[in-house]
Structure formats: structure tokens, C-alpha cells
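See structure below.
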Amino acid sequence: MYPLRRNRRLRKNQAIRSLVRETVISPDDFLVPLFVTEGNNLREEIASMPGYYRYSLDQLKQEVKELWKLGLKSVLLFVKVPENLKDNKGTEAINPDGLMQRAIKTVKDTVPEMLVMTDVALDPYSSYGHDGIVENGRILNDESVDALTEMSLSHARAGADIVAPSDMMDGRILSIREALEDEGFIDTGIMSYSAKYASAFYGPFRDALDSAPVDQKDVPKDKKTYQMDYGNRIEALRETEMDIDEGADIVMVKPGLCYLDIVRDIKNEFDVPVAVYQVSGEYAMIKAAAEKGWLDYDAVVLEQLTAIKRAGADITASYFAKDAVKLLNG
Ligand code: PBG
């Protein structure tokens, strides 16, 4: 009596395993999130994201040159806004000389071929730490959409290739698409955070940008009235379908690892590229366990990034991108 099939034959050694591997990650898969801060010669390590930094514009130049050399060709920009420039309406977000607008130009001047994506949401600019405008304990939808549309236009004018609304207000994709078309930005893309869950995994990111909701009367303490409930699956399909209908070029699921079922559902259902954001808390967990010697960092990073792609991600936004590419390059 022999087994009918011996699947272990295809696992015999590294050569055969490489030959039959279904999912292979490469630098082409990655989108690199970058945090930018005011100042000079700054490369500030983020306390809850060891090994990840906020860069002043001069240091940003070095970083994007290095990324390009490694084969990383897309970045997603976030800015840390000085406290005195924050207000409820995020007015600073549309300053043509604001930090984001200068960061876009800096990347494009340094490496013109680098694809520049920008985060569109009010939270880094909001005195309340919300993605939209706050009034009487609520986040206003349509007024916020107007602000986010102006913000997107401002990024497009500064040279962004793709704007990435991460706010989860209803109707913002259509509004942004129409405004971009009206101004002639027909080639400026939209990557919509379409299935973005209200997640506890965003904690370290909010430390990085000092953008957490403030603890104040009449200010919601969480983002659950706009970001999705993590118990929901069908709703992710509805959100995604609406964003595609409204003009999204790329859709996104966020966070990554806990939501790979959603990634697969969306990949099976729609024909636009799907991005996944492996978020700050996912980075922090692995870093912390590795620092304690409880996990093999290199192995876990490659395993998770491969799993994200296997689940259906065409694009992975990851804080591990640089380390992963170095590992892949041997
Ligand atoms: C802004 C935004 C957030 C993240 C990306 N864009 C924070 C939030 O929604 O509170 C989180 C990214 C991460 O945790 O790495 N709306």
C-alpha cells in the first residue's frame, strides 16, 4: 500500500519549492508610507514604531533616492502638522505652500519617476483629530467632503500622481473625481480606502502624526461613525462597489492581516487593482516580538507579505517594504 500521491515530492528541496511556489513577492508590489515633518536635518524615530522615522524635507530627499535604488517606485505621503496650524476645518490642508504640498514637490524634484500618492483626510490637520469637520459631537459628512475635495485638488496641483482618501465619508470619491476632471487633472488617479475598518491597530500611526482624536466634550473619542465595524463583510463589498462606481482607480482594504478574508472577497468580486495597507500596529507587534527574541523578524516579515499577496493584494502598503526588499535581494 502506497499513498496515491506524494505531495512531499514537490517540497523536497529549495529548488523544487521555488519552482512550484504560487505567490512570489517583489519590489514591484510595494507602496512605501513616508512620514514628513517640518524642520531641518531631522530623522526622528517614532517611539511606537522602532526603526521607522519622520523625515524633514532635506532628509526625505535621501530617503526617496535610497528607495528608488532598491527598486521601490511608489510612496504614500503623510505629514505631521504643527499644533498651531490645526483647526476644525483643516484649513492648512489646502495651503499651496503647506508641508504636504512641499513634500510632493520635493519627491518629484528628487526622483521625477517616483509615483507619489498622498493621504487625503483631515486628521493630521484637525484640532480634534478627526478625519472630517466636527460639530455638536458629530462628524459632518457633506461639509467634510467639500474640504477633502479641495485638499485633493491642492495635492494634484502640487504634482501628486494619485490621491488616497482615507476618511470614509460618503460620496467623497465622486466629488473628488468630478473636481479633478473639472480642473483638467484627468490623469490624476484615486486610490480609495474603500474598506477601512475602525481598528485599534492604528495606534502607533496616530502617535507618529500626533493625530489621535482629542479627549474633549462633544468630540467623539473614536472613528466608529465613519470607519467600518470589524464584524462586517458584506458592507465591505458595498463600500467598494460604490467607490468603483464613483470613479476609484484602485480600492483598498485596511488593516491587512486581520482582514485577508475581505481582501479575497473583493479580489474575486471586482476587476480593479486591490491594495492592502499593513498598518502601524501590525508593524509594531512584529517589531516588539522580534526585539524580545520571540519571533524571527526576517521570516515573519516575508511570510506576512506573501500572505497578503496570496489573499489577493495587487499592491501592499507596508512599513516593512524596505527591509523586505533587502531580504529579497539577499
Ligand atoms: C488617516 C489615516 C490613518 C491611517 C492612514 N490614514 C489613521 C486613522 O484613520 O486613524 C492609519 C495607518 C496606520 O495605522 O499605519 N485617516
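Ordered as shown in the C-alpha cells, chains take letters A, B, and onward, while each chain numbers its residues from 1 and ligands are numbered from 1 in the order shown.
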
Just the residues within 8 Å of range 165-173 of chain A, please, counting only C-alpha atoms, with nothing from its chain fewer than 6 positions along; format it as a compact mmCIF listing (two decimals) with C-alpha atoms, in the first residue's frame.
```
# COMPACT_ATOMS: atom_id res chain seq x y z
CA ASP A 119 -3.19 60.69 2.13
CA VAL A 120 -6.40 62.71 1.97
CA ALA A 121 -8.13 63.11 5.36
CA LEU A 122 -8.32 65.97 7.81
CA ASP A 131 -10.92 62.90 9.52
CA GLY A 132 -13.74 65.38 8.96
CA ASN A 141 -20.36 64.36 6.09
CA ASP A 142 -21.02 66.72 3.20
CA SER A 144 -16.13 67.28 5.14
CA VAL A 145 -16.42 66.00 1.57
CA LEU A 148 -11.46 66.75 1.22
CA THR A 149 -12.21 67.65 -2.39
CA ILE A 190 -7.77 57.97 -6.92
CA MET A 191 -6.84 55.14 -4.61
CA SER A 192 -9.80 54.87 -2.28
CA TYR A 193 -9.54 53.43 1.18
CA SER A 194 -12.85 51.73 0.48
CA LYS A 196 -11.33 50.83 6.05
CA TYR A 226 -17.34 56.69 9.70
CA GLN A 227 -14.85 53.81 9.66
CA ASP A 243 -16.26 53.69 -4.70
CA GLU A 246 -17.86 56.81 -8.21
CA GLY A 247 -14.52 56.65 -10.02
CA ALA A 248 -11.90 54.96 -7.82
```

Give me the chain A side of the contact with ligand 1, cut-off 8 Å, one line per residue showing its nearest atom pair and distance in Å at one decimal, counting only C-alpha atoms and all ligand atoms, sorted by chain and residue number, as JSON lines.
```
{"residue": "A:Phe78", "atom": "CA", "partner": "ligand 1", "partner_atom_place_in_ligand_line": "6 (N)", "distance": 7.9}
{"residue": "A:Asp119", "atom": "CA", "partner": "ligand 1", "partner_atom_place_in_ligand_line": "6 (N)", "distance": 6.3}
{"residue": "A:Val120", "atom": "CA", "partner": "ligand 1", "partner_atom_place_in_ligand_line": "16 (N)", "distance": 7.3}
{"residue": "A:Ala121", "atom": "CA", "partner": "ligand 1", "partner_atom_place_in_ligand_line": "16 (N)", "distance": 5.2}
{"residue": "A:Leu122", "atom": "CA", "partner": "ligand 1", "partner_atom_place_in_ligand_line": "16 (N)", "distance": 7.2}
{"residue": "A:Asp123", "atom": "CA", "partner": "ligand 1", "partner_atom_place_in_ligand_line": "16 (N)", "distance": 6.0}
{"residue": "A:Pro124", "atom": "CA", "partner": "ligand 1", "partner_atom_place_in_ligand_line": "1 (C)", "distance": 7.4}
{"residue": "A:His130", "atom": "CA", "partner": "ligand 1", "partner_atom_place_in_ligand_line": "10 (O)", "distance": 7.8}
{"residue": "A:Asp131", "atom": "CA", "partner": "ligand 1", "partner_atom_place_in_ligand_line": "16 (N)", "distance": 5.6}
{"residue": "A:Pro165", "atom": "CA", "partner": "ligand 1", "partner_atom_place_in_ligand_line": "16 (N)", "distance": 7.9}
{"residue": "A:Ser166", "atom": "CA", "partner": "ligand 1", "partner_atom_place_in_ligand_line": "16 (N)", "distance": 4.8}
{"residue": "A:Asp167", "atom": "CA", "partner": "ligand 1", "partner_atom_place_in_ligand_line": "16 (N)", "distance": 5.1}
{"residue": "A:Ala198", "atom": "CA", "partner": "ligand 1", "partner_atom_place_in_ligand_line": "9 (O)", "distance": 7.5}
{"residue": "A:Phe201", "atom": "CA", "partner": "ligand 1", "partner_atom_place_in_ligand_line": "14 (O)", "distance": 6.0}
{"residue": "A:Tyr202", "atom": "CA", "partner": "ligand 1", "partner_atom_place_in_ligand_line": "14 (O)", "distance": 3.4}
{"residue": "A:Gly203", "atom": "CA", "partner": "ligand 1", "partner_atom_place_in_ligand_line": "14 (O)", "distance": 6.3}
{"residue": "A:Pro204", "atom": "CA", "partner": "ligand 1", "partner_atom_place_in_ligand_line": "14 (O)", "distance": 6.4}
{"residue": "A:Phe205", "atom": "CA", "partner": "ligand 1", "partner_atom_place_in_ligand_line": "14 (O)", "distance": 4.5}
{"residue": "A:Arg206", "atom": "CA", "partner": "ligand 1", "partner_atom_place_in_ligand_line": "7 (C)", "distance": 6.2}
{"residue": "A:Ser211", "atom": "CA", "partner": "ligand 1", "partner_atom_place_in_ligand_line": "10 (O)", "distance": 7.5}
{"residue": "A:Ala212", "atom": "CA", "partner": "ligand 1", "partner_atom_place_in_ligand_line": "10 (O)", "distance": 6.8}
{"residue": "A:Lys223", "atom": "CA", "partner": "ligand 1", "partner_atom_place_in_ligand_line": "10 (O)", "distance": 7.3}
{"residue": "A:Gln227", "atom": "CA", "partner": "ligand 1", "partner_atom_place_in_ligand_line": "9 (O)", "distance": 7.8}
{"residue": "A:Pro255", "atom": "CA", "partner": "ligand 1", "partner_atom_place_in_ligand_line": "14 (O)", "distance": 7.6}
{"residue": "A:Tyr277", "atom": "CA", "partner": "ligand 1", "partner_atom_place_in_ligand_line": "15 (O)", "distance": 7.3}
{"residue": "A:Gln278", "atom": "CA", "partner": "ligand 1", "partner_atom_place_in_ligand_line": "15 (O)", "distance": 6.8}
{"residue": "A:Val279", "atom": "CA", "partner": "ligand 1", "partner_atom_place_in_ligand_line": "15 (O)", "distance": 3.5}
{"residue": "A:Ser280", "atom": "CA", "partner": "ligand 1", "partner_atom_place_in_ligand_line": "15 (O)", "distance": 3.6}
{"residue": "A:Gly281", "atom": "CA", "partner": "ligand 1", "partner_atom_place_in_ligand_line": "14 (O)", "distance": 6.1}
{"residue": "A:Tyr319", "atom": "CA", "partner": "ligand 1", "partner_atom_place_in_ligand_line": "15 (O)", "distance": 8.0}
```

Can you pull out every residue within 9 Å of range 306-308 of chain A, counting only C-alpha atoms, but drop anything in the same chain fewer than 3 positions away, and send it as an mmCIF file with C-alpha atoms, in the first residue's frame?
```cif
data_model
loop_
_atom_site.group_PDB
_atom_site.id
_atom_site.type_symbol
_atom_site.label_atom_id
_atom_site.label_comp_id
_atom_site.auth_asym_id
_atom_site.auth_seq_id
_atom_site.Cartn_x
_atom_site.Cartn_y
_atom_site.Cartn_z
ATOM 1 C CA THR A 23 2.925 33.556 -4.879
ATOM 2 C CA VAL A 24 6.193 35.444 -5.175
ATOM 3 C CA ILE A 25 6.669 38.941 -3.766
ATOM 4 C CA GLY A 256 -4.073 43.845 6.500
ATOM 5 C CA LEU A 257 -3.659 40.638 8.408
ATOM 6 C CA LEU A 260 -7.443 38.987 4.468
ATOM 7 C CA VAL A 263 -9.245 41.114 0.525
ATOM 8 C CA VAL A 276 -3.885 46.347 1.207
ATOM 9 C CA GLN A 278 -0.482 46.563 6.536
ATOM 10 C CA VAL A 301 8.021 39.756 7.531
ATOM 11 C CA LEU A 302 8.335 37.684 4.372
ATOM 12 C CA GLU A 303 5.608 35.281 5.474
ATOM 13 C CA ALA A 311 -5.007 36.744 -0.351
ATOM 14 C CA GLY A 312 -5.375 38.950 -3.432
ATOM 15 C CA ALA A 313 -3.395 42.152 -2.924
ATOM 16 C CA THR A 316 0.803 46.306 -0.452
#
```

Choose the residue, out of A:Asp29, A:Met242, A:Lys309, A:Gln62, that has the smallest atom-to-atom separation from Asn41 in chain A; count only C-alpha atoms.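 For Asn41 in chain A, the nearest of the candidates is A:Gln62.
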
I'd like the interatomic distance between CA of Glu269 in chain A and CA of Ile244 in chain A, to a tenth of an Å.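 These atoms are spaced 11.7 Å apart.
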
Looking only at the backbone, which of the residues in range 143-180 of chain A does DSSP tag as helix (DSSP H, G or I), as JSON, numbers by chain? {"A": [143, 144, 145, 146, 147, 148, 149, 150, 151, 152, 153, 154, 155, 156, 157, 158, 172, 173, 174, 175, 176, 177, 178, 179, 180]}

Dump of N, CA and C atoms for the selected residues, as a tab-separated table (two decimals), in the first residue's frame:
```tsv
chain	number	residue	atom	x	y	z
A	143	GLU	N	-20.02	68.57	4.41
A	143	GLU	CA	-19.05	69.66	4.59
A	143	GLU	C	-17.63	69.11	4.57
A	144	SER	N	-17.46	67.91	5.15
A	144	SER	CA	-16.13	67.28	5.14
A	144	SER	C	-15.74	66.89	3.73
A	145	VAL	N	-16.71	66.38	2.96
A	145	VAL	CA	-16.42	66.00	1.57
A	145	VAL	C	-15.92	67.22	0.78
A	146	ASP	N	-16.55	68.37	1.01
A	146	ASP	CA	-16.09	69.59	0.32
A	146	ASP	C	-14.64	69.90	0.68
A	147	ALA	N	-14.31	69.79	1.95
A	147	ALA	CA	-12.94	70.08	2.39
A	147	ALA	C	-11.95	69.07	1.79
A	148	LEU	N	-12.35	67.80	1.76
A	148	LEU	CA	-11.46	66.75	1.22
A	148	LEU	C	-11.27	66.90	-0.28
A	149	THR	N	-12.31	67.42	-0.95
A	149	THR	CA	-12.21	67.65	-2.39
A	149	THR	C	-11.21	68.77	-2.67
A	150	GLU	N	-11.29	69.85	-1.89
A	150	GLU	CA	-10.32	70.95	-2.03
A	150	GLU	C	-8.91	70.46	-1.75
A	151	MET	N	-8.79	69.61	-0.74
A	151	MET	CA	-7.49	69.05	-0.36
A	151	MET	C	-6.91	68.21	-1.51
A	152	SER	N	-7.76	67.40	-2.12
A	152	SER	CA	-7.30	66.57	-3.25
A	152	SER	C	-6.83	67.43	-4.40
A	153	LEU	N	-7.58	68.49	-4.70
A	153	LEU	CA	-7.18	69.39	-5.78
A	153	LEU	C	-5.83	70.02	-5.49
A	154	SER	N	-5.66	70.42	-4.23
A	154	SER	CA	-4.40	71.04	-3.84
A	154	SER	C	-3.22	70.07	-4.03
A	155	HIS	N	-3.43	68.79	-3.71
A	155	HIS	CA	-2.37	67.79	-3.91
A	155	HIS	C	-2.10	67.59	-5.39
A	156	ALA	N	-3.16	67.57	-6.18
A	156	ALA	CA	-2.99	67.39	-7.63
A	156	ALA	C	-2.20	68.56	-8.22
A	157	ARG	N	-2.54	69.77	-7.78
A	157	ARG	CA	-1.81	70.96	-8.27
A	157	ARG	C	-0.34	70.90	-7.91
A	158	ALA	N	-0.05	70.33	-6.74
A	158	ALA	CA	1.35	70.24	-6.30
A	158	ALA	C	2.10	69.12	-7.02
A	172	ARG	N	-17.40	60.86	-1.20
A	172	ARG	CA	-16.21	61.70	-1.47
A	172	ARG	C	-15.52	61.33	-2.77
A	173	ILE	N	-15.59	60.08	-3.19
A	173	ILE	CA	-14.87	59.70	-4.41
A	173	ILE	C	-15.47	60.43	-5.62
A	174	LEU	N	-16.80	60.43	-5.72
A	174	LEU	CA	-17.45	61.12	-6.84
A	174	LEU	C	-17.11	62.61	-6.83
A	175	SER	N	-17.18	63.21	-5.66
A	175	SER	CA	-16.90	64.64	-5.56
A	175	SER	C	-15.46	64.95	-5.98
A	176	ILE	N	-14.52	64.13	-5.52
A	176	ILE	CA	-13.10	64.36	-5.86
A	176	ILE	C	-12.88	64.12	-7.35
A	177	ARG	N	-13.46	63.03	-7.88
A	177	ARG	CA	-13.28	62.72	-9.30
A	177	ARG	C	-13.78	63.86	-10.18
A	178	GLU	N	-14.97	64.36	-9.87
A	178	GLU	CA	-15.54	65.44	-10.69
A	178	GLU	C	-14.69	66.70	-10.61
A	179	ALA	N	-14.22	67.01	-9.42
A	179	ALA	CA	-13.40	68.22	-9.26
A	179	ALA	C	-12.09	68.08	-10.02
A	180	LEU	N	-11.47	66.89	-9.97
A	180	LEU	CA	-10.22	66.68	-10.70
A	180	LEU	C	-10.45	66.83	-12.20
```

What are the nearest atom pairs, with distances in Å to one decimal, for all residues of range 140-164 of chain A that come at most 12 Å from range 107-115 of chain A, using only C-alpha atoms, set out by chain and rising residue number as a Markdown table?
```
| residue | atom | partner | partner_atom | distance |
| --- | --- | --- | --- | --- |
| A:Ala158 | CA | A:Lys108 | CA | 9.6 |
| A:Gly159 | CA | A:Lys108 | CA | 7.6 |
| A:Ala160 | CA | A:Leu115 | CA | 8.0 |
| A:Asp161 | CA | A:Leu115 | CA | 6.2 |
| A:Ile162 | CA | A:Leu115 | CA | 8.0 |
| A:Val163 | CA | A:Leu115 | CA | 11.0 |
```

Using C-alpha atoms, can you write the selected residues to a file as a PDB file, in the first residue's frame?
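Final file, selection.pdb:
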```
ATOM      1  CA  ALA A 158       1.346  70.242  -6.299  1.00  0.00           C
ATOM      2  CA  GLY A 159       2.028  67.240  -8.541  1.00  0.00           C
ATOM      3  CA  ALA A 160       0.582  64.179  -6.795  1.00  0.00           C
ATOM      4  CA  ASP A 161       0.015  61.254  -9.166  1.00  0.00           C
ATOM      5  CA  ILE A 162      -2.676  59.619  -7.061  1.00  0.00           C
ATOM      6  CA  VAL A 163      -4.733  60.941  -4.161  1.00  0.00           C
TER       7      VAL A 163
END
```

Counting only C-alpha atoms, which of A:Met285, A:Ser127, A:Ala103, A:Thr240 gets nearest to Thr91 in chain A?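 Checking each of A:Met285, A:Ser127, A:Ala103, A:Thr240 against Thr91 in chain A, counting only C-alpha atoms, the winner is A:Ser127.
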
How many Å separate CA of Ala321 in chain A from CA of Asp28 in chain A?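 Atom-to-atom, CA of Ala321 in chain A and CA of Asp28 in chain A are spaced 10.2 Å apart.
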
Distance query range 19-22 of chain A at most 9 Å, only C-alpha atoms, self and fewer than 5 positions along chain excluded, as a count of residues only: 4

Please return as number ranges by chain: the residues of range 71-209 of chain A that backbone DSSP assigns to strand (DSSP E or B). A: 74-79, 87, 115-120, 126, 133-135, 138-140, 162-165, 189-197

What is the distance, in Å and to one decimal place, between CA of Ala195 in chain A and CA of Tyr53 in chain A?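 CA of Tyr53 in chain A lies 26.8 Å from CA of Ala195 in chain A.
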